[in-house]
Every structure is written in structure tokens, then in C-alpha cells.
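*Asks:* This is the structure I want to talk about, given as C-alpha cells.
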Amino acid sequence: MSRFGKVWVRLSEHPRRGEPVEIRAMVMHPMESGFRLDSVGHPIPRHIVTVFTCTYGGAEVFRATLHPAVSSNPYFVFYVRATQSADLLFTWTDDRGEVATHSVRLELE
Amino acid sequence: MVRQAQSTPETLAAALRESFGEAPITSGRIKLEIPRLAENGNIVPVSISVDSPMSEQDYVKSVHLFAERNPLPRILDVELGPRNGRARVATRIRLAVSQQVRAVAVMSDGALWFTAADVEVTVGGCDP
């Protein structure tokens with residue numbers, strides 16, 4: 001069963017052509033580190049988001065490889081230079097092959 | 001809480017060698033913003049920014065975050081490029097104990113820059 005939950009993405013307001021837009025993105029996921037023990041002392045298996053990518057107009061603009069030390073519900077702030085009105089597509093993949101995606105339109109005047 | 005195997009400065013050095021080979025890593029051009037005192041080691045906010053024009057000719061290719069004394073030395077690897085316009089990434093990390101956090105930037109010309117920050121952790125992320 002997928003452990004991905006709600007996705008939350010915000011862009012900075014009033015993007016200007018040629019200027020970097022701030023992107024804040026979070027997905028609900030336990031990021032179970034694999035180093036914890038359950039109540040009877042058995043190790044809880046690792047279950048983490050391993051890759052987070054963002055494409056802008058189809059081109060990849062951000063790729064993060066996550067390790068167990070990234071906090072649960074991984075949250076990222078990064079930038080993309082606004083060059084065109086196009087979709088931003090966010091994709092999170094975990095180590096069990098589950099995927100969460102989200103799309104946001106970046107609209108320029 | 002169970003005592004976990006910990007990284008050591010030696011395993012960190014090994015991870016750095018694995019990622020960057022024997023190329024020299026120079027101090028500077030990269031800025032790490034992280035609390036000096038982290039009350040909750042499970043959620044430590046961190047921001048990495050690199051002094052770079054992020055142009056087609058001169059940009060940051062990747063940034064990497066390492067923990068000296070977590071169970072695993074690697075925290076995060078991020079690929080960037082001129083399309084970002086600004087070389088800054090922020091996230092939230094787990095720190096098991098008080099330790100040094102290290103950030104490395106790989107530039108488009110292959111140069112490596114690093115910085116480090118000491119973080120005192122009040123309640124360790126015993127989960128990392």
C-alpha cells in the first residue's frame with residue numbers, strides 16, 4: 001500500500017519573466033529510516049522517498065536523491081527561472097516503487 | 001532509544017572520496033544556514049546556497065549534504081543547473097547527535113567547494 005499522502009506545492013507570487021521563482025514542495029511520507037525498532041525490538045524496515053524531481057515545460061530542472069536522514073514528510077525549497085508559461089510537474093518515488101505526482105501551472109503575463 | 005552504529009569522521013571521509021575522488025575541495029562560495037542549537041534532531045531546517053551566476057557558462061551542477069555522526073554519512077544529493085536561476089536549496093533533516101554538518105558544491109567547471117557547521121542537538125533524532 002502506498003504510504004504517500006497529501007502533496008502541498010506553492011510558488012512565489014507574481015513570477016517575472018527571466019527571474020527565479022521560489023518553489024516550496026512537500027509530500028506526506030513516513031521516511032521510515034530503517035534504524036528504528038518496534039515495541040518488541042524488531043527493526044522497522046526502511047521505507048523512504050529516494051528521488052524527487054521537478055520538470056518545467058517537460059525539461060528536468062531539479063533532482064534530489066534522498067537518504068534516510070531527510071525528515072519525514074520531505075519538504076524542499078528551490079528555484080526555477082521563469083522563462084515561459086508552462087506546467088511544473090513534481091514526482092516523488094519511494095524505495096518500494098510507489099510514486100506521487102503533482103502538477104502546477106506557472107503562468108507568466 | 002537504542003544506541004545505533006554511528007558514522008565517524010573516517011566514514012565521512014570515505015563517502016566524500018566516493019563522491020568526489022581525490023579532487024581538492026576548497027572552503028568557500030557555499031553557505032550553510034542551520035541552527036547552531038537544534039532542539040529536535042528529527043526536524044532540523046537547513047538551507048544551502050552557493051555564490052554562482054547560474055548562467056549557461058557558469059553554474060552549480062550539484063550540492064551534497066553530509067552528516068559526520070549520523071548512522072549514514074549521506075543526507076541529500078541535489079542536481080541543479082542554469083535553469084534554476086538561483087543556487088539555493090532548503091529542506092529539513094535528521095541529526096542523531098550533536099555533530100558537524102558539511103555541504104559540498106560541484107561547479108560546472110568541476111571545482112569543488114565546501115563549508116561546514118557545528119550543530120548541537122538537544123533531543124537526538126533517534127530515528128535517522
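Residues in the C-alpha cells are named by chain (A, B, ... in the order shown) and by number from 1 within that chain; ligands are numbered from 1 in the order shown.
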List every residue of chain B that has an atom at most 9 Å from any atom of chain A, and for each one report the closest atom pair and its distance in Å to one decimal, counting only C-alpha atoms, with rows sorted by chain and then by increasing residue number, as CSV.
*Replies:*
residue,atom,partner,partner_atom,distance
B:Met1,CA,A:Arg36,CA,8.6
B:Val2,CA,A:Leu37,CA,7.9
B:Gln4,CA,A:Phe35,CA,7.4
B:Asn42,CA,A:Ser71,CA,6.3
B:Ile43,CA,A:Ser71,CA,5.9
B:Val44,CA,A:Ser71,CA,8.1
B:Ser47,CA,A:Val77,CA,8.6
B:Ala67,CA,A:Ala69,CA,8.7
B:Asn70,CA,A:Ala69,CA,7.8
B:Pro71,CA,A:Phe35,CA,8.1
B:Leu72,CA,A:Ala69,CA,7.8
B:Pro73,CA,A:Ala69,CA,8.8
B:Arg74,CA,A:His67,CA,6.4
B:Ile75,CA,A:Ala69,CA,5.2
B:Leu76,CA,A:Leu66,CA,5.0
B:Asp77,CA,A:Thr65,CA,5.1
B:Val78,CA,A:Ala64,CA,4.3
B:Glu79,CA,A:Arg63,CA,5.1
B:Leu80,CA,A:Phe62,CA,5.8
B:Gly81,CA,A:Val61,CA,7.0
B:Pro82,CA,A:Arg81,CA,8.3
B:Arg83,CA,A:Arg81,CA,5.6
B:Asn84,CA,A:Val80,CA,3.9
B:Gly85,CA,A:Arg81,CA,4.8
B:Arg86,CA,A:Tyr79,CA,6.0
B:Ala87,CA,A:Tyr79,CA,7.5
B:Arg88,CA,A:Phe78,CA,6.0
B:Val89,CA,A:Phe78,CA,4.9
B:Ala90,CA,A:Val77,CA,4.9
B:Thr91,CA,A:Phe76,CA,4.7
B:Arg92,CA,A:Ser71,CA,5.6
B:Ile93,CA,A:Val70,CA,4.4
B:Arg94,CA,A:Ala69,CA,4.8
B:Leu95,CA,A:Ala69,CA,7.1
B:Ala96,CA,A:Ala69,CA,8.8
B:Cys126,CA,A:Arg36,CA,7.6
B:Asp127,CA,A:Arg36,CA,5.6
B:Pro128,CA,A:Ala69,CA,5.1
*Asks:* Write out as a list in words all residues of chain B that backbone DSSP assigns to helix (DSSP H, G or I).
*Replies:*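 Filtering chain B down to helix (DSSP H, G or I) leaves Pro9, Glu10, Thr11, Leu12, Ala13, Ala14, Ala15, Leu16, Arg17, Glu18, Ser19, Phe20, Pro82, Arg83 and Asn84 of chain B.
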*Asks:* Keeping only C-alpha atoms, write the selected residues as a compact mmCIF listing (two decimals), in the first residue's frame.
*Replies:*
# COMPACT_ATOMS: atom_id res chain seq x y z
CA PRO B 9 34.94 11.25 10.52
CA GLU B 10 36.61 8.33 8.69
CA THR B 11 33.35 7.04 7.12
CA LEU B 12 32.52 10.62 6.17
CA ALA B 13 35.92 10.95 4.50
CA ALA B 14 35.24 7.68 2.67
CA ALA B 15 31.86 8.95 1.45
CA LEU B 16 33.45 12.19 0.27
CA ARG B 17 36.14 10.22 -1.58
CA GLU B 18 33.49 8.01 -3.18
CA SER B 19 31.55 11.04 -4.41
CA PHE B 20 34.39 13.35 -5.41
CA PRO B 82 21.37 27.12 -15.18
CA ARG B 83 17.56 26.72 -15.39
CA ASN B 84 17.33 27.23 -11.63
*Asks:* Show me, as a VMD selection string, the residues that have an atom within 7 Å of A:Asp95 when counting only C-alpha atoms, minus same-chain residues fewer than 4 positions from it.
*Replies:* chain A and resid 47 to 50
*Asks:* What does the file look like for those residues with N, CA and C atoms, as a compact mmCIF listing (two decimals), in the first residue's frame?
*Replies:*
# COMPACT_ATOMS: atom_id res chain seq x y z
N HIS A 47 11.75 2.54 4.69
CA HIS A 47 10.77 2.90 3.66
C HIS A 47 10.87 4.40 3.45
N ILE A 48 11.65 4.79 2.47
CA ILE A 48 11.90 6.23 2.27
C ILE A 48 11.63 6.65 0.82
N VAL A 49 11.35 7.92 0.66
CA VAL A 49 11.35 8.53 -0.67
C VAL A 49 12.81 8.61 -1.09
N THR A 50 13.13 8.11 -2.27
CA THR A 50 14.52 8.13 -2.71
C THR A 50 14.81 9.21 -3.76
*Asks:* Hey, can you check how far atom CA of B:Val97 sits from atom CA of B:Val121?
*Replies:*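 Taking atom CA of B:Val97 and atom CA of B:Val121, their separation equals 5.7 Å.
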*Asks:* Would you pick out the contacts of B:Pro35 at 9 Å or less, using only C-alpha atoms, so that residues sharing its chain but fewer than 4 positions from it are not included, and give the list as an MDAnalysis selection string?
*Replies:* chainID B and resid 44:46 117:120
*Asks:* Looking only at strand (DSSP E or B) from DSSP on the backbone, list the matching residues of stretch 18-120 of chain B as a ChimeraX atom specification.
*Replies:* /B:25-27,30-33,37-40,44-50,60-67,74-79,88-93,99-107,112-120
*Asks:* Go through B:Ala116, B:Ala38, B:Leu32, B:Ile48 one by one, measure the shortest atom-to-atom distance of each to B:Val101 using only C-alpha atoms, and give the residue with the smallest value.
*Replies:*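 So, comparing all the options, the nearest one is B:Ala116.
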*Asks:* Considering only C-alpha atoms, state which residue in the set A:Glu107, A:Ser2, A:Val27, A:Arg46 is at the smallest distance from A:Pro15.
*Replies:*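 Comparing A:Glu107, A:Ser2, A:Val27, A:Arg46 against A:Pro15, the winner is A:Glu107.
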*Asks:* Might you pull out every residue within 10 Å of B:Arg29, with only C-alpha atoms counted and same-chain residues fewer than 3 positions away left off, and present them as a ChimeraX atom specification?
*Replies:* /B:26,49-52,104-105,112-115
*Asks:* Would you mind listing what lies within 10 Å of B:Ala111 as number ranges by chain, with only C-alpha atoms counted and same-chain residues fewer than 2 positions away left out?
*Replies:* B: 23-26, 60, 105-109, 113
*Asks:* Looking at only C-alpha atoms, which of B:Gly41, B:Gly110, B:Ala103, B:Arg36 is the one that sits closest to B:Tyr59?
*Replies:*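 Using only C-alpha atoms, B:Tyr59 sits closest to B:Gly110.
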*Asks:* Could you please determine the separation between atom CA of A:Val99 and atom CA of A:Trp8 in Å, to one decimal place?
*Replies:*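 Straight-line distance from atom CA of A:Val99 to atom CA of A:Trp8 works out to 15.0 Å.
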*Asks:* Which residue out of A:Leu89, A:Pro30, A:Arg96, A:Ile44 has the minimum interatomic distance to A:Val9 when only C-alpha atoms are used?
*Replies:*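 Between A:Leu89, A:Pro30, A:Arg96, A:Ile44, the residue approaching A:Val9 most closely is A:Leu89.
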